[in-house]
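Source file: coords-v1.cif; contents: mmCIF, C-alpha atoms.
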```
data_protein
loop_
_atom_site.label_atom_id
_atom_site.label_comp_id
_atom_site.auth_asym_id
_atom_site.auth_seq_id
_atom_site.Cartn_x
_atom_site.Cartn_y
_atom_site.Cartn_z
CA MET O 40 0.00 0.00 0.00
CA SER O 41 1.39 3.38 -0.94
CA THR O 42 1.39 6.29 1.49
CA ILE O 43 0.37 9.74 0.35
CA VAL O 44 2.63 12.35 1.90
CA ASN O 45 1.31 15.89 2.10
CA THR O 46 4.31 18.17 1.78
CA GLY O 47 2.22 21.34 1.64
CA LEU O 48 1.74 24.07 4.18
CA SER O 49 -0.38 22.79 7.07
CA SER O 50 -2.93 24.86 8.96
CA ARG O 51 -1.06 24.07 12.19
CA ALA O 52 2.06 25.70 10.76
CA VAL O 53 0.06 28.73 9.64
CA ILE O 54 -1.59 29.17 13.04
CA GLY O 55 1.72 28.73 14.84
CA ARG O 56 3.31 31.35 12.63
CA PHE O 57 0.42 33.72 13.24
CA TYR O 58 0.69 33.58 17.03
CA ARG O 59 4.48 33.94 16.97
CA LYS O 60 4.26 37.00 14.76
CA LEU O 61 1.38 38.36 16.83
CA GLU O 62 3.54 38.23 19.95
CA GLU O 63 6.51 39.83 18.19
CA SER O 64 4.40 42.64 16.74
CA ALA O 65 2.64 43.31 20.04
CA GLN O 66 6.00 44.01 21.67
CA THR O 67 6.67 46.90 19.27
CA ALA O 68 3.14 48.39 19.20
CA TRP O 69 3.25 51.84 20.79
CA TRP O 70 -0.30 51.67 22.15
CA THR O 71 0.91 49.51 25.04
CA LYS O 72 2.74 52.56 26.43
CA LEU O 73 -0.40 54.70 26.44
CA ALA O 74 -3.22 52.46 27.58
CA MET O 75 -4.24 50.82 30.84
CA ARG O 76 -5.28 47.27 29.97
CA PHE O 77 -8.33 45.73 31.63
CA PRO O 78 -10.17 42.45 31.09
CA SER O 79 -13.88 42.61 30.33
CA SER O 80 -16.55 40.02 31.05
CA GLN O 81 -19.56 41.66 29.42
CA GLY O 82 -20.68 43.84 26.55
CA SER O 83 -19.59 47.07 28.23
CA GLU O 84 -17.68 48.23 31.29
CA THR O 85 -18.16 51.38 33.39
CA TYR O 86 -15.12 52.94 35.05
CA LYS O 87 -16.37 54.88 38.05
CA TRP O 88 -12.91 55.04 39.66
CA LEU O 89 -11.59 57.48 37.06
CA GLY O 90 -10.74 60.72 38.78
CA MET O 91 -8.66 61.84 41.70
CA VAL O 92 -7.22 59.60 44.41
CA PRO O 93 -7.37 61.16 47.90
CA GLN O 94 -4.16 62.65 49.27
CA VAL O 95 -2.76 61.48 52.59
CA ARG O 96 -4.07 63.68 55.42
CA GLU O 97 -3.64 63.91 59.16
CA TRP O 98 -6.17 61.74 60.97
CA LEU O 99 -8.37 64.26 62.73
CA GLY O 100 -11.85 63.32 63.90
CA GLY O 101 -12.12 60.13 61.86
CA ARG O 102 -11.62 59.01 58.30
CA LYS O 103 -12.65 61.21 55.40
CA ILE O 104 -14.32 58.87 52.94
CA ARG O 105 -13.97 59.47 49.21
CA PRO O 106 -16.78 57.73 47.27
CA MET O 107 -16.45 56.81 43.62
CA HIS O 108 -18.11 58.95 40.98
CA ALA O 109 -21.88 58.53 40.68
CA ALA O 110 -21.39 58.32 36.93
CA GLY O 111 -18.41 56.98 35.08
CA MET O 112 -16.85 56.39 31.69
CA THR O 113 -18.58 53.53 29.89
CA ILE O 114 -16.77 51.67 27.11
CA VAL O 115 -18.76 49.33 24.86
CA ASN O 116 -16.90 46.37 23.41
CA LYS O 117 -16.88 45.78 19.66
CA VAL O 118 -16.29 42.62 17.68
CA TRP O 119 -13.42 42.83 15.19
CA GLU O 120 -12.42 40.41 12.43
CA SER O 121 -10.02 39.95 9.56
CA THR O 122 -10.13 37.03 7.15
CA LEU O 123 -7.53 35.67 4.74
CA ARG O 124 -8.19 33.12 2.00
CA VAL O 125 -5.60 31.23 -0.03
CA ASP O 126 -5.90 28.72 -2.82
CA ALA O 127 -5.50 25.18 -1.51
CA ASP O 128 -3.14 24.27 -4.34
CA GLU O 129 -1.04 27.36 -3.62
CA ALA O 130 -0.82 26.27 0.02
CA ARG O 131 0.32 22.84 -1.14
CA ARG O 132 2.91 24.31 -3.49
CA ASP O 133 4.15 27.12 -1.27
CA LYS O 134 7.92 26.79 -1.12
CA THR O 135 8.94 30.44 -1.04
CA GLY O 136 7.08 31.45 2.11
CA GLN O 137 4.68 33.81 0.32
CA ILE O 138 1.68 32.65 2.33
CA MET O 139 3.65 32.88 5.56
CA VAL O 140 4.52 36.47 4.67
CA ARG O 141 0.82 37.25 4.34
CA VAL O 142 0.07 35.50 7.63
CA GLY O 143 2.81 37.52 9.31
CA GLU O 144 1.34 40.72 7.91
CA LEU O 145 -2.10 39.71 9.18
CA ALA O 146 -0.63 39.21 12.66
CA ARG O 147 1.06 42.63 12.50
CA ARG O 148 -2.18 44.35 11.54
CA VAL O 149 -4.08 42.63 14.35
CA ALA O 150 -1.43 43.47 16.96
CA GLN O 151 -1.35 47.13 15.91
CA HIS O 152 -5.12 47.56 15.60
CA PRO O 153 -5.31 49.34 18.99
CA ASN O 154 -2.86 51.89 17.50
CA LYS O 155 -5.65 52.84 15.11
CA LEU O 156 -8.27 53.00 17.87
CA ILE O 157 -6.11 55.23 20.07
CA THR O 158 -5.20 57.44 17.11
CA THR O 159 -8.91 58.03 16.47
CA LEU O 160 -9.41 58.98 20.12
CA THR O 161 -6.41 61.31 19.98
CA GLN O 162 -7.51 62.89 16.70
CA ASN O 163 -10.99 63.50 18.16
CA GLY O 164 -9.74 64.56 21.58
CA ALA O 165 -10.97 68.14 21.15
CA SER O 166 -14.57 66.87 20.84
CA GLY O 167 -14.65 63.50 22.63
CA LEU O 168 -15.63 63.63 26.30
CA ALA O 169 -13.37 62.61 29.18
CA TYR O 170 -14.63 61.27 32.51
CA ASP O 171 -15.14 64.83 33.86
CA GLU O 172 -17.59 65.53 31.01
CA GLU O 173 -15.20 68.06 29.48
CA THR O 174 -13.64 67.32 26.13
CA TYR O 175 -10.52 65.19 26.51
CA PHE O 176 -8.29 68.03 25.29
CA SER O 177 -9.79 71.06 27.01
CA THR O 178 -8.81 74.42 28.45
CA SER O 179 -11.41 74.17 31.25
CA HIS O 180 -10.82 70.98 33.25
CA ALA O 181 -11.64 71.58 36.92
CA GLU O 182 -12.22 69.30 39.92
CA GLY O 183 -12.65 70.47 43.50
CA ASP O 184 -9.78 72.77 44.48
CA SER O 185 -7.70 72.06 41.38
CA GLY O 186 -8.59 75.34 39.77
CA THR O 187 -9.18 75.55 36.03
CA GLN O 188 -6.58 73.52 34.16
CA SER O 189 -5.78 73.13 30.49
CA ASN O 190 -4.30 70.17 28.65
CA SER O 191 -4.62 72.02 25.35
CA ILE O 192 -2.03 74.74 24.94
CA ASN O 193 -0.78 77.03 22.17
CA VAL O 194 2.84 77.73 21.27
CA ASP O 195 3.70 80.73 19.12
CA ILE O 196 6.16 79.99 16.29
CA ALA O 197 7.04 81.49 12.91
CA SER O 198 5.11 78.99 10.77
CA ALA O 199 2.47 76.81 12.45
CA THR O 200 2.74 74.04 9.85
CA ALA O 201 6.54 73.98 9.57
CA PRO O 202 8.19 74.07 13.01
CA THR O 203 11.97 74.14 13.23
CA ALA O 204 13.77 71.72 15.54
CA GLU O 205 14.18 74.48 18.12
CA GLU O 206 10.47 75.36 17.91
CA MET O 207 9.49 71.70 18.18
CA TYR O 208 11.72 71.39 21.22
CA LYS O 209 10.03 74.46 22.69
CA GLY O 210 6.60 72.87 22.18
CA ILE O 211 7.69 69.56 23.70
CA ILE O 212 9.10 71.22 26.81
CA LYS O 213 5.97 73.29 27.32
CA GLY O 214 3.83 70.17 26.98
CA VAL O 215 5.94 68.32 29.53
CA ALA O 216 5.74 71.25 31.92
CA GLN O 217 1.96 71.43 31.51
CA ILE O 218 1.51 67.76 32.42
CA ILE O 219 3.82 67.99 35.43
CA GLY O 220 1.90 71.01 36.70
CA PHE O 221 -1.54 69.38 36.90
CA ARG O 222 -3.17 69.33 40.36
CA ASP O 223 -5.80 67.11 41.92
CA ASP O 224 -9.07 68.20 43.55
CA THR O 225 -7.28 69.12 46.78
CA GLY O 226 -4.77 71.32 44.97
CA GLU O 227 -1.93 68.78 45.30
CA PRO O 228 0.42 67.98 42.37
CA MET O 229 -0.57 64.86 40.42
CA ASN O 230 2.46 64.29 38.20
CA GLU O 231 5.42 65.50 40.25
CA GLY O 232 7.11 62.12 39.75
CA ALA O 233 6.65 62.06 35.97
CA ARG O 234 9.87 61.22 34.12
CA GLU O 235 8.87 59.43 30.91
CA PHE O 236 6.85 60.86 28.03
CA LEU O 237 5.90 60.05 24.45
CA VAL O 238 5.54 62.62 21.70
CA MET O 239 2.96 61.67 19.05
CA ALA O 240 3.46 63.79 15.96
CA PRO O 241 2.02 63.78 12.45
CA THR O 242 4.52 62.62 9.84
CA PRO O 243 5.26 66.15 8.48
CA PHE O 244 6.71 66.95 11.93
CA LEU O 245 8.99 63.90 11.96
CA ALA O 246 12.20 65.64 10.92
CA ALA O 247 11.75 68.47 13.41
CA THR O 248 10.85 66.00 16.17
CA LEU O 249 13.88 63.79 15.56
CA GLU O 250 16.18 66.79 15.48
CA ALA O 251 14.56 68.28 18.57
CA LEU O 252 15.19 65.06 20.47
CA SER O 253 18.66 64.53 19.05
CA ASN O 254 21.86 65.13 20.98
CA ARG O 255 22.50 68.38 19.12
CA VAL O 256 19.39 70.07 20.43
CA MET O 257 18.90 68.14 23.65
CA ASN O 258 22.46 68.85 24.76
CA ALA O 259 22.26 72.57 24.16
CA THR O 260 23.66 74.57 27.07
CA ASP O 261 20.31 76.26 27.71
CA ASN O 262 18.38 72.97 27.66
CA PRO O 263 17.09 71.81 31.08
CA LEU O 264 17.02 68.27 29.69
CA ALA O 265 20.63 68.41 28.53
CA LYS O 266 21.77 65.41 30.57
CA ARG O 267 18.73 63.37 29.48
CA GLU O 268 18.50 61.90 32.98
CA PRO O 269 15.59 63.67 34.70
CA PHE O 270 13.29 62.96 31.75
CA ARG O 271 13.08 60.38 28.99
CA ILE O 272 11.15 61.45 25.91
CA ASP O 273 10.24 58.90 23.25
CA TRP O 274 8.41 59.60 20.00
CA VAL O 275 6.12 58.08 17.41
CA ALA O 276 5.43 59.50 13.94
CA ASN O 277 1.78 58.65 13.37
CA PRO O 278 0.76 58.56 9.70
CA ARG O 279 -2.91 58.27 10.67
CA LEU O 280 -2.97 61.75 12.18
CA THR O 281 -4.24 64.44 9.83
CA TRP O 282 -3.06 67.34 11.97
CA THR O 283 -1.02 70.01 10.24
CA ASP O 284 -0.29 72.36 13.15
CA LYS O 285 -0.34 70.29 16.33
CA PHE O 286 0.99 67.26 18.15
CA ALA O 287 0.26 65.45 21.42
CA ILE O 288 2.48 64.46 24.31
CA PHE O 289 1.64 61.79 26.89
CA ARG O 290 3.03 60.64 30.21
CA THR O 291 3.99 56.95 30.02
CA ASP O 292 5.47 56.03 33.43
CA GLY O 293 2.51 56.48 35.78
CA GLU O 294 0.14 53.94 37.30
CA THR O 295 -2.56 55.75 35.35
CA ARG O 296 -2.45 56.14 31.59
CA PRO O 297 -4.14 58.48 29.10
CA PHE O 298 -6.26 55.70 27.52
CA ILE O 299 -8.03 52.47 28.40
CA PHE O 300 -7.87 49.23 26.43
CA GLN O 301 -10.49 46.71 27.52
CA GLU O 302 -10.52 43.17 26.17
CA GLU O 303 -13.39 40.75 26.38
CA LEU O 304 -12.00 38.16 23.98
CA PRO O 305 -8.28 37.95 23.11
CA VAL O 306 -7.26 37.48 19.50
CA GLN O 307 -8.23 34.08 18.14
CA ILE O 308 -7.60 32.53 14.73
CA HIS O 309 -9.87 29.90 13.19
CA ALA O 310 -8.93 27.75 10.22
CA LEU O 311 -10.99 26.12 7.49
CA ALA O 312 -8.17 24.28 5.81
CA GLU O 313 -7.13 20.73 4.87
CA GLY O 314 -10.07 18.31 5.02
CA SER O 315 -12.69 21.08 5.38
CA GLU O 316 -15.85 21.45 3.32
CA LEU O 317 -14.47 24.76 2.04
CA GLU O 318 -11.48 22.94 0.59
CA ALA O 319 -13.66 20.22 -0.91
CA GLN O 320 -16.20 22.59 -2.47
CA GLU O 321 -14.12 25.65 -3.36
CA ASN O 322 -10.50 24.50 -3.18
CA GLN O 323 -9.81 27.28 -0.68
CA HIS O 324 -8.24 27.56 2.77
CA GLN O 325 -9.51 30.28 5.08
CA TYR O 326 -7.94 31.81 8.18
CA GLY O 327 -10.22 34.11 10.15
CA VAL O 328 -9.19 36.29 13.08
CA LYS O 329 -11.64 37.45 15.74
CA ALA O 330 -11.24 39.70 18.78
CA VAL O 331 -13.60 41.58 21.09
CA HIS O 332 -12.21 44.79 22.57
CA GLU O 333 -12.40 48.58 22.54
CA CYS O 334 -10.43 51.64 23.62
CA GLY O 335 -11.59 54.72 25.51
CA TYR O 336 -10.31 57.84 27.21
CA GLY O 337 -8.45 57.41 30.48
CA PHE O 338 -6.78 60.21 32.42
CA TRP O 339 -6.64 63.54 30.62
CA GLN O 340 -4.02 64.58 33.19
CA ASP O 341 -1.54 62.29 31.41
CA ALA O 342 -1.95 64.08 28.06
CA CYS O 343 -1.44 67.48 26.48
CA LEU O 344 -2.30 68.77 23.03
CA VAL O 345 0.20 71.33 21.70
CA THR O 346 -1.02 73.58 18.89
CA PHE O 347 1.38 75.84 16.99
CA VAL O 348 0.04 79.29 16.21
#
```
Would you write the structure of this file as structure tokens?
Amino acid sequence: MSTIVNTGLSSRAVIGRFYRKLEESAQTAWWTKLAMRFPSSQGSETYKWLGMVPQVREWLGGRKIRPMHAAGMTIVNKVWESTLRVDADEARRDKTGQIMVRVGELARRVAQHPNKLITTLTQNGASGLAYDEETYFSTSHAEGDSGTQSNSINVDIASATAPTAEEMYKGIIKGVAQIIGFRDDTGEPMNEGAREFLVMAPTPFLAATLEALSNRVMNATDNPLAKREPFRIDWVANPRLTWTDKFAIFRTDGETRPFIFQEELPVQIHALAEGSELEAQENQHQYGVKAVHECGYGFWQDACLVTFV
């Protein structure tokens, strides 16, 4: 009796490749620096704890209880999918890794999908509401004794759409200073320990951003960040942003983060491949990805919009 040996690309190999590439791509996705990650067990989650944490006070006359907000930020999960089909004969013949390249690209897109969600939130931050019912980027945030605070500032430069490296540096420093200066509802500093930040700039600002954060500019004698030790400033050039005169800066080293990523169902991949009805009827193999998650606004105090004027 002869034995038929299938030397083609198996679905097990494809799925294994997908998860390996998914893990690799997730490690380089910038959204992980900006979002608090929470599991979800239902269609939506409400975050009533968003807001200020009480400061330590002298115990006089008993404890001073701080209840959670009566209302909170509600984030509704969404179902996401991406599906790839390949010809069964091509899978059998694949010797150059072309299908594996496509599978790797699928994994990269899935891993970086939250980048897109957070970009949309950032882009719409001047109209989307934060937990305090002000727009996320607003000049009129106020809670208790904090006073009116702004995480949307203007910086005057020669050409709003073409900042020089020095002007970009000026905007970055002002954004950092704005975040560090935020106060809670008792008037106490919230970000006095902040040391790490991320600049998110539209691609036309990339050259100025790189030069602003380079040794030449950062080591200038009049630069308070000259030694690069008190603060660490990373960057991402975001091609999804359509801004022409602004960028955003975020704190990345706090317990809180500027965004929330909630996940009800982690990424899964399902195969209709060798031996399936799809193969028998249509000579196709199908690999479908499914995930249930969503992103929302977190702490506006960890973000600042800088607009050049």
All residues 12 Å or closer to Gly136 of chain O, only C-alpha atoms, same chain fewer than 3 positions away omitted, as JSON, numbers by chain: {"O": [47, 48, 52, 53, 56, 129, 130, 131, 132, 133, 139, 140, 141, 142, 143]}
Taking a cut-off of 9 Å and counting only C-alpha atoms, can you build a table that, for each residue of segment 107-210 of chain O near segment 215-239 of chain O, reports the nearest atom pair and how far apart they are in Å (one decimal), sorted by chain then residue number, as CSV?
```
residue,atom,partner,partner_atom,distance
O:Ala181,CA,O:Asp224,CA,7.9
O:Glu182,CA,O:Asp224,CA,4.9
O:Gly183,CA,O:Asp224,CA,4.2
O:Asp184,CA,O:Asp224,CA,4.7
O:Ser185,CA,O:Asp224,CA,4.6
O:Gly186,CA,O:Gly226,CA,7.6
O:Gln188,CA,O:Phe221,CA,7.1
O:Ser189,CA,O:Gln217,CA,8.0
O:Asn190,CA,O:Gln217,CA,7.0
O:Ile192,CA,O:Gln217,CA,8.4
O:Gly210,CA,O:Val215,CA,8.7
```
Of the candidates O:Arg96, O:Arg76, O:Lys285, O:Lys209, which one gets nearest to Ala251 of chain O if we count only C-alpha atoms?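 Once distances to Ala251 of chain O are computed over only C-alpha atoms, the minimum belongs to O:Lys209.
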Can you spell out as a PyMOL selection string the set of residues that the PyMOL selection byres ((chain O and resi 162-175) around 8) selects in the structure I just provided? chain O and resi 89-90+111-112+158-161+176-177+179-180+280-282+336-339
Could you state which residues are captured by the PyMOL selection byres ((chain O and resi 61) around 12) in this file, as a ChimeraX atom specification? /O:54-60,62-68,142-152,305-308,328
Given the PyMOL selection byres ((chain O and resi 123) around 7) and the file above, list the residues it selects as a PDB file with C-alpha atoms, keeping the file's coordinate frame.
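Listed below is the output, expr-v1.pdb:
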```
ATOM      1  CA  SER O 121     -10.020  39.950   9.560  1.00  0.00           C
ATOM      2  CA  THR O 122     -10.130  37.030   7.150  1.00  0.00           C
ATOM      3  CA  ARG O 124      -8.190  33.120   2.000  1.00  0.00           C
ATOM      4  CA  VAL O 125      -5.600  31.230  -0.030  1.00  0.00           C
ATOM      5  CA  GLN O 325      -9.510  30.280   5.080  1.00  0.00           C
ATOM      6  CA  TYR O 326      -7.940  31.810   8.180  1.00  0.00           C
ATOM      7  CA  GLY O 327     -10.220  34.110  10.150  1.00  0.00           C
TER       8      GLY O 327
END
```
Nearest to Gly293 of chain O among O:Asp341, O:Ala312, O:Val95, O:Ser198, with distances taken over only C-alpha atoms: which residue is it?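 Comparing O:Asp341, O:Ala312, O:Val95, O:Ser198 against Gly293 of chain O, the winner is O:Asp341.
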Among the residues O:Asn322, O:Thr200, O:Ser253, O:Gln340, the one that comes closest to Asp128 of chain O [using only C-alpha atoms]: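 Going through O:Asn322, O:Thr200, O:Ser253, O:Gln340 one by one, the smallest distance to Asp128 of chain O is for O:Asn322.
Shortest separation to Cys343 of chain O among O:Thr71, O:Ser79, O:Thr283, O:Ser191 occurs at residue O:Ser191, atoms counted being all atoms listed in the file.
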Restricting the calculation to all atoms listed in the file: of O:Glu84, O:Glu97, O:Glu205, O:Glu294, which residue gets closest to His332 of chain O?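 Distance minimum relative to His332 of chain O lands on O:Glu84.
Atom CA of Gln301 of chain O lies 8.0 Å from atom CA of Ile114 of chain O.
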Which residue gives the smallest distance to Ala74 of chain O among O:His324, O:Arg296, O:His309, O:Arg271, with only C-alpha atoms counted?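 When distances to Ala74 of chain O are compared using only C-alpha atoms, the smallest one comes from O:Arg296.
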Taking (2.5, 79.2, 17.6) in the file's coordinates, which residues come within 6 Å, counting only C-alpha atoms, written as a count of residues only? 6
Could you rebuild segment 143-162 of chain O with N, CA and C atoms and give it back as a PDB file, keeping the file's coordinate frame?
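The file below, part_29.pdb, is the result:
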```pdb
ATOM      1  N   GLY O 143       2.078  36.624   8.428  1.00  0.00           N
ATOM      2  CA  GLY O 143       2.810  37.520   9.310  1.00  0.00           C
ATOM      3  C   GLY O 143       2.280  38.940   9.255  1.00  0.00           C
ATOM      4  N   GLU O 144       1.905  39.386   8.062  1.00  0.00           N
ATOM      5  CA  GLU O 144       1.340  40.720   7.910  1.00  0.00           C
ATOM      6  C   GLU O 144      -0.024  40.814   8.576  1.00  0.00           C
ATOM      7  N   LEU O 145      -0.815  39.742   8.493  1.00  0.00           N
ATOM      8  CA  LEU O 145      -2.100  39.710   9.180  1.00  0.00           C
ATOM      9  C   LEU O 145      -1.902  39.847  10.686  1.00  0.00           C
ATOM     10  N   ALA O 146      -0.922  39.133  11.226  1.00  0.00           N
ATOM     11  CA  ALA O 146      -0.630  39.210  12.660  1.00  0.00           C
ATOM     12  C   ALA O 146      -0.204  40.626  13.046  1.00  0.00           C
ATOM     13  N   ARG O 147       0.608  41.269  12.202  1.00  0.00           N
ATOM     14  CA  ARG O 147       1.060  42.630  12.500  1.00  0.00           C
ATOM     15  C   ARG O 147      -0.120  43.597  12.538  1.00  0.00           C
ATOM     16  N   ARG O 148      -1.018  43.454  11.577  1.00  0.00           N
ATOM     17  CA  ARG O 148      -2.180  44.350  11.540  1.00  0.00           C
ATOM     18  C   ARG O 148      -3.069  44.152  12.772  1.00  0.00           C
ATOM     19  N   VAL O 149      -3.252  42.912  13.175  1.00  0.00           N
ATOM     20  CA  VAL O 149      -4.080  42.630  14.350  1.00  0.00           C
ATOM     21  C   VAL O 149      -3.438  43.206  15.605  1.00  0.00           C
ATOM     22  N   ALA O 150      -2.126  42.998  15.760  1.00  0.00           N
ATOM     23  CA  ALA O 150      -1.430  43.470  16.960  1.00  0.00           C
ATOM     24  C   ALA O 150      -1.451  44.994  17.061  1.00  0.00           C
ATOM     25  N   GLN O 151      -1.419  45.670  15.922  1.00  0.00           N
ATOM     26  CA  GLN O 151      -1.350  47.130  15.910  1.00  0.00           C
ATOM     27  C   GLN O 151      -2.722  47.785  15.749  1.00  0.00           C
ATOM     28  N   HIS O 152      -3.784  46.974  15.731  1.00  0.00           N
ATOM     29  CA  HIS O 152      -5.120  47.560  15.600  1.00  0.00           C
ATOM     30  C   HIS O 152      -5.441  48.567  16.697  1.00  0.00           C
ATOM     31  N   PRO O 153      -5.069  48.311  17.974  1.00  0.00           N
ATOM     32  CA  PRO O 153      -5.310  49.340  18.990  1.00  0.00           C
ATOM     33  C   PRO O 153      -4.598  50.655  18.692  1.00  0.00           C
ATOM     34  N   ASN O 154      -3.479  50.632  17.933  1.00  0.00           N
ATOM     35  CA  ASN O 154      -2.860  51.890  17.500  1.00  0.00           C
ATOM     36  C   ASN O 154      -3.884  52.758  16.774  1.00  0.00           C
ATOM     37  N   LYS O 155      -4.647  52.121  15.888  1.00  0.00           N
ATOM     38  CA  LYS O 155      -5.650  52.840  15.110  1.00  0.00           C
ATOM     39  C   LYS O 155      -6.756  53.391  16.017  1.00  0.00           C
ATOM     40  N   LEU O 156      -7.205  52.569  16.974  1.00  0.00           N
ATOM     41  CA  LEU O 156      -8.270  53.000  17.870  1.00  0.00           C
ATOM     42  C   LEU O 156      -7.827  54.197  18.716  1.00  0.00           C
ATOM     43  N   ILE O 157      -6.607  54.142  19.234  1.00  0.00           N
ATOM     44  CA  ILE O 157      -6.110  55.230  20.070  1.00  0.00           C
ATOM     45  C   ILE O 157      -5.827  56.471  19.229  1.00  0.00           C
ATOM     46  N   THR O 158      -5.392  56.285  17.986  1.00  0.00           N
ATOM     47  CA  THR O 158      -5.200  57.440  17.110  1.00  0.00           C
ATOM     48  C   THR O 158      -6.518  58.166  16.886  1.00  0.00           C
ATOM     49  N   THR O 159      -7.593  57.414  16.665  1.00  0.00           N
ATOM     50  CA  THR O 159      -8.910  58.030  16.470  1.00  0.00           C
ATOM     51  C   THR O 159      -9.314  58.823  17.709  1.00  0.00           C
ATOM     52  N   LEU O 160      -9.095  58.259  18.889  1.00  0.00           N
ATOM     53  CA  LEU O 160      -9.410  58.980  20.120  1.00  0.00           C
ATOM     54  C   LEU O 160      -8.574  60.247  20.244  1.00  0.00           C
ATOM     55  N   THR O 161      -7.298  60.148  19.912  1.00  0.00           N
ATOM     56  CA  THR O 161      -6.410  61.310  19.980  1.00  0.00           C
ATOM     57  C   THR O 161      -6.839  62.374  18.982  1.00  0.00           C
ATOM     58  N   GLN O 162      -7.094  61.961  17.759  1.00  0.00           N
ATOM     59  CA  GLN O 162      -7.510  62.890  16.700  1.00  0.00           C
ATOM     60  C   GLN O 162      -8.793  63.619  17.092  1.00  0.00           C
TER      61      GLN O 162
END
```
